[in-house]
Amino acid sequence: MNETPVILSASGLVKTYGETRALDDVTLRVRAGEAVAIMGASGSGKTTLLHTLAGILTADAGSVTLDAPIGRIRIDQLSDKERSRLRREEFGFVFQQGLLIPELTAVENVALPLLLTGHGRAQAEAHAARWLAALGLAGMEQRRIGQLSGGQAQRVAIARAQATGAKVLFADEPTGALDSATSADVMTALLDSTLSRGHALVVVTHDPNVAARCSRVIRMQDGRITGAQGATPAPVSASEVSR
Ligand code: ADP
Ligand code: MG
């Protein structure tokens with residue numbers, strides 16, 4: 001029996017676009033301290049699943065429940081406004097292109113979600129700088145995104161996703177635009193920064209090397225989970241970097 005607490009659970013998710021069943025009865029649990037890789041052919045529903053788990057999309061049927069400090073929250077039953085707030089406070093996101101703001105410096109990009117959750121500028125930037133340092137980017141705080149390599153920019157995106165203390169990180173093809181050596185480094189940064197704090201990572205990837213480093217791999221086909229492998233690890237102790 002697995003005693004590690006479930007952070008996020010989805011049950012019976014269905015999402016259709018016209019004739020397309022992007023999600024067809026998907027049930028999934030994500031536990032604290034595990035990294036779940038989602039693999040599958042293009043169009044199999046990976047991004048739709050990630051977005052539904054994260055409350056970016058709402059399914060036509062099924063439930064998504066987050067075990068938050070204040071208790072269990074049915075994400076699918078929240079208003080748009082409540083879901084946006086929950087995403088800002090509980091979740092972090094890393095996409096293939098970091099969606100960083102090019103006009104802002106690295107430290108300003110990382111500080112931005114903290115400003116949005118009500119922190120003062122000085123405190124937010126100090127915290128952001130600590131996260132950049134934790135991700136190996138000390139000295140690059142004042143660079144704009146265009147002055148960083150692809151791998152460095154992804155580390156800024158990871159720092160930004162982690163800075164608010166997110167319990168679950170969602171990453172959609174986070175290494176898809178990187179060469180294999182840089183990809184391995186970015187994946188290490190993503191896994192270490194998440195799992196060392198006992199948080200969870202859900203990562204969509206085409207890269208078997210990325211999937212191999214996750215605790216569990218889920219395979220999707222035509223909106224369904226067709227296979228899973230790997231076990232959930234034992235709980236990990238909390239980290240050195242925290243909010
Ligand atoms: P993947 O990430 O695995 O490539 P997606 O989740 O993006 O797959 O898409 C799953 C299916 O749903 C595909 O057939 C896709 O064309 C369809 N789909 C996704 N988003 C939309 C949308 N906004 N409108 C219409 N069809 C969509
Ligand atoms: Mg996709």
# chains A, B, ... in the order shown; residues from 1 in each chain; ligands from 1
>>> residues_around(residues="A:Arg74", least_positions_apart="6", cutoff="7 Å", atoms="only C-alpha atoms", output="compact mmCIF listing (two decimals) with N, CA and C atoms, in the first residue's frame")
# COMPACT_ATOMS: atom_id res chain seq x y z
N SER A 63 -13.88 14.84 -12.50
CA SER A 63 -13.50 15.76 -11.43
C SER A 63 -11.98 15.88 -11.33
N VAL A 64 -11.53 17.02 -10.85
CA VAL A 64 -10.12 17.22 -10.51
C VAL A 64 -10.08 17.78 -9.10
N THR A 65 -9.39 17.08 -8.21
CA THR A 65 -9.36 17.48 -6.81
C THR A 65 -7.93 17.75 -6.37
N LEU A 66 -7.71 18.90 -5.76
CA LEU A 66 -6.40 19.26 -5.22
C LEU A 66 -6.45 19.16 -3.71
>>> residues_near_ligand(ligand="ligand 1", cutoff="7 Å", atoms="only C-alpha atoms and all ligand atoms", output="PyMOL selection string")
chain A and resi 17+20-22+40-49+223
>>> write_last_selection(atoms="all heavy atoms", output="JSON list (two decimals), in the first residue's frame")
[["chain", "number", "residue", "atom", "x", "y", "z"],
["A", 17, "TYR", "N", -13.85, 17.85, -28.44],
["A", 17, "TYR", "CA", -13.86, 18.98, -29.38],
["A", 17, "TYR", "C", -14.56, 18.47, -30.63],
["A", 17, "TYR", "O", -13.95, 17.73, -31.41],
["A", 17, "TYR", "CB", -12.44, 19.42, -29.72],
["A", 17, "TYR", "CG", -11.68, 20.02, -28.56],
["A", 17, "TYR", "CD1", -10.64, 19.34, -27.94],
["A", 17, "TYR", "CD2", -12.00, 21.30, -28.09],
["A", 17, "TYR", "CE1", -9.93, 19.91, -26.90],
["A", 17, "TYR", "CE2", -11.31, 21.87, -27.03],
["A", 17, "TYR", "CZ", -10.28, 21.17, -26.44],
["A", 17, "TYR", "OH", -9.58, 21.72, -25.40],
["A", 20, "THR", "N", -13.87, 14.95, -31.83],
["A", 20, "THR", "CA", -12.63, 14.46, -31.21],
["A", 20, "THR", "C", -12.78, 14.30, -29.71],
["A", 20, "THR", "O", -13.15, 15.24, -29.01],
["A", 20, "THR", "CB", -11.48, 15.45, -31.48],
["A", 20, "THR", "OG1", -11.40, 15.68, -32.87],
["A", 20, "THR", "CG2", -10.15, 14.90, -30.97],
["A", 21, "ARG", "N", -12.47, 13.09, -29.22],
["A", 21, "ARG", "CA", -12.42, 12.88, -27.78],
["A", 21, "ARG", "C", -10.99, 13.13, -27.33],
["A", 21, "ARG", "O", -10.15, 12.22, -27.39],
["A", 21, "ARG", "CB", -12.83, 11.46, -27.42],
["A", 21, "ARG", "CG", -14.32, 11.24, -27.53],
["A", 21, "ARG", "CD", -14.81, 10.29, -26.45],
["A", 21, "ARG", "NE", -16.18, 10.63, -26.12],
["A", 21, "ARG", "CZ", -16.80, 10.27, -25.00],
["A", 21, "ARG", "NH1", -16.19, 9.55, -24.10],
["A", 21, "ARG", "NH2", -18.04, 10.63, -24.76],
["A", 22, "ALA", "N", -10.70, 14.35, -26.92],
["A", 22, "ALA", "CA", -9.33, 14.68, -26.50],
["A", 22, "ALA", "C", -9.01, 13.98, -25.19],
["A", 22, "ALA", "O", -7.87, 13.55, -24.97],
["A", 22, "ALA", "CB", -9.18, 16.18, -26.38],
["A", 40, "GLY", "N", 3.10, 9.99, -25.51],
["A", 40, "GLY", "CA", 2.08, 9.58, -26.48],
["A", 40, "GLY", "C", 2.25, 10.38, -27.75],
["A", 40, "GLY", "O", 2.87, 11.44, -27.75],
["A", 41, "ALA", "N", 1.67, 9.86, -28.83],
["A", 41, "ALA", "CA", 1.80, 10.50, -30.13],
["A", 41, "ALA", "C", 1.16, 11.89, -30.10],
["A", 41, "ALA", "O", 0.34, 12.19, -29.24],
["A", 41, "ALA", "CB", 1.11, 9.64, -31.20],
["A", 42, "SER", "N", 1.54, 12.70, -31.05],
["A", 42, "SER", "CA", 0.94, 14.01, -31.21],
["A", 42, "SER", "C", -0.57, 13.85, -31.40],
["A", 42, "SER", "O", -1.02, 12.98, -32.13],
["A", 42, "SER", "CB", 1.58, 14.68, -32.43],
["A", 42, "SER", "OG", 1.03, 15.95, -32.59],
["A", 43, "GLY", "N", -1.35, 14.65, -30.68],
["A", 43, "GLY", "CA", -2.80, 14.59, -30.78],
["A", 43, "GLY", "C", -3.44, 13.56, -29.87],
["A", 43, "GLY", "O", -4.66, 13.37, -29.89],
["A", 44, "SER", "N", -2.65, 12.90, -29.02],
["A", 44, "SER", "CA", -3.21, 11.84, -28.16],
["A", 44, "SER", "C", -3.90, 12.40, -26.90],
["A", 44, "SER", "O", -4.53, 11.64, -26.17],
["A", 44, "SER", "CB", -2.12, 10.83, -27.78],
["A", 44, "SER", "OG", -1.05, 11.46, -27.11],
["A", 45, "GLY", "N", -3.75, 13.69, -26.65],
["A", 45, "GLY", "CA", -4.46, 14.30, -25.53],
["A", 45, "GLY", "C", -3.59, 14.73, -24.36],
["A", 45, "GLY", "O", -4.10, 15.12, -23.31],
["A", 46, "LYS", "N", -2.27, 14.72, -24.55],
["A", 46, "LYS", "CA", -1.35, 15.02, -23.45],
["A", 46, "LYS", "C", -1.52, 16.44, -22.93],
["A", 46, "LYS", "O", -1.64, 16.66, -21.71],
["A", 46, "LYS", "CB", 0.11, 14.82, -23.93],
["A", 46, "LYS", "CG", 0.39, 13.44, -24.51],
["A", 46, "LYS", "CD", 1.83, 13.29, -24.93],
["A", 46, "LYS", "CE", 2.28, 14.24, -26.03],
["A", 46, "LYS", "NZ", 1.59, 14.04, -27.33],
["A", 47, "THR", "N", -1.53, 17.40, -23.85],
["A", 47, "THR", "CA", -1.65, 18.80, -23.42],
["A", 47, "THR", "C", -3.03, 19.05, -22.82],
["A", 47, "THR", "O", -3.16, 19.76, -21.80],
["A", 47, "THR", "CB", -1.38, 19.75, -24.61],
["A", 47, "THR", "OG1", -0.01, 19.58, -25.00],
["A", 47, "THR", "CG2", -1.62, 21.20, -24.24],
["A", 48, "THR", "N", -4.06, 18.46, -23.40],
["A", 48, "THR", "CA", -5.41, 18.62, -22.86],
["A", 48, "THR", "C", -5.47, 18.08, -21.43],
["A", 48, "THR", "O", -6.05, 18.71, -20.54],
["A", 48, "THR", "CB", -6.44, 17.89, -23.74],
["A", 48, "THR", "OG1", -6.30, 18.35, -25.09],
["A", 48, "THR", "CG2", -7.86, 18.15, -23.27],
["A", 49, "LEU", "N", -4.83, 16.93, -21.19],
["A", 49, "LEU", "CA", -4.81, 16.38, -19.83],
["A", 49, "LEU", "C", -4.06, 17.31, -18.88],
["A", 49, "LEU", "O", -4.55, 17.63, -17.79],
["A", 49, "LEU", "CB", -4.16, 14.98, -19.84],
["A", 49, "LEU", "CG", -3.97, 14.34, -18.46],
["A", 49, "LEU", "CD1", -5.30, 14.21, -17.71],
["A", 49, "LEU", "CD2", -3.31, 12.97, -18.60],
["A", 223, "GLY", "N", -6.85, 9.93, -26.39],
["A", 223, "GLY", "CA", -7.54, 10.47, -25.22],
["A", 223, "GLY", "C", -7.64, 9.53, -24.04],
["A", 223, "GLY", "O", -8.28, 9.86, -23.04]]
>>> select_by_dssp(residues="chain A", states="alpha helix (DSSP H)", output="PyMOL selection string")
chain A and resi 46-53+80-90+106-116+121-134+150-163+180-195+208-212
>>> closest_residue(among="A:Gly176, A:Pro208, A:Gly62, A:Gly92", to="ligand 2", atoms="only C-alpha atoms and all ligand atoms")
A:Gly176
>>> closest_residue(among="A:Leu86, A:Val217, A:Ala138, A:Ala10", to="A:Ala59", atoms="only C-alpha atoms")
A:Ala10
>>> residues_around(residues="A:Ile101", least_positions_apart="3", cutoff="8 Å", atoms="only C-alpha atoms", output="list of chain:residue names")
A:Leu104, A:Asn109, A:Ile145
>>> residues_around(residues="A:Leu8", least_positions_apart="6", cutoff="10 Å", atoms="only C-alpha atoms", output="NGL selection string")
:A and (28-32 or 53-54 or 64-68 or 72-75 or 167-168 or 200)
>>> select_by_dssp(residues="stretch 16-202 of chain A", states="strand (DSSP E or B)", output="MDAnalysis selection string")
chainID A and resid 16:17 20:31 35:40 61:68 71:74 91:95 105 144 168:172 200:202
>>> atom_distance(atom1="atom CA of A:Val36", atom2="atom CA of A:Ile218")
7.2 Å
>>> residues_around(residues="A:Glu141", least_positions_apart="2", cutoff="8 Å", atoms="only C-alpha atoms", output="MDAnalysis selection string")
chainID A and resid 105:107 129 132 137:139 143
>>> residues_around(residues="A:Leu99", least_positions_apart="6", cutoff="12 Å", atoms="only C-alpha atoms", output="PyMOL selection string")
chain A and resi 93+109-110+145+153-154+156-158+160-161+172+174
>>> closest_atom_pairs(of="stretch 176-202 of chain A", to="stretch 209-212 of chain A", cutoff="9 Å", atoms="only C-alpha atoms", output="CSV")
residue,atom,partner,partner_atom,distance
A:Ser180,CA,A:Asn209,CA,8.9
A:Ser183,CA,A:Val210,CA,8.1
A:Ala184,CA,A:Val210,CA,7.4
A:Met187,CA,A:Val210,CA,6.8
>>> residues_around(residues="A:Asp60", least_positions_apart="5", cutoff="8 Å", atoms="only C-alpha atoms", output="list in words")
Leu13, Val14, Lys15 and Thr16 of chain A
>>> write_last_selection(atoms="C-alpha atoms", output="PDB file, in the first residue's frame")
ATOM      1  CA  LEU A  13     -12.198  13.120 -17.270  1.00  0.00           C
ATOM      2  CA  VAL A  14     -13.883  13.592 -20.623  1.00  0.00           C
ATOM      3  CA  LYS A  15     -13.193  16.470 -23.001  1.00  0.00           C
ATOM      4  CA  THR A  16     -14.497  16.588 -26.530  1.00  0.00           C
TER       5      THR A  16
END
>>> closest_residue(among="A:Gly165, A:Gly33, A:Ala61, A:Leu112", to="A:Gly12", atoms="only C-alpha atoms")
A:Ala61
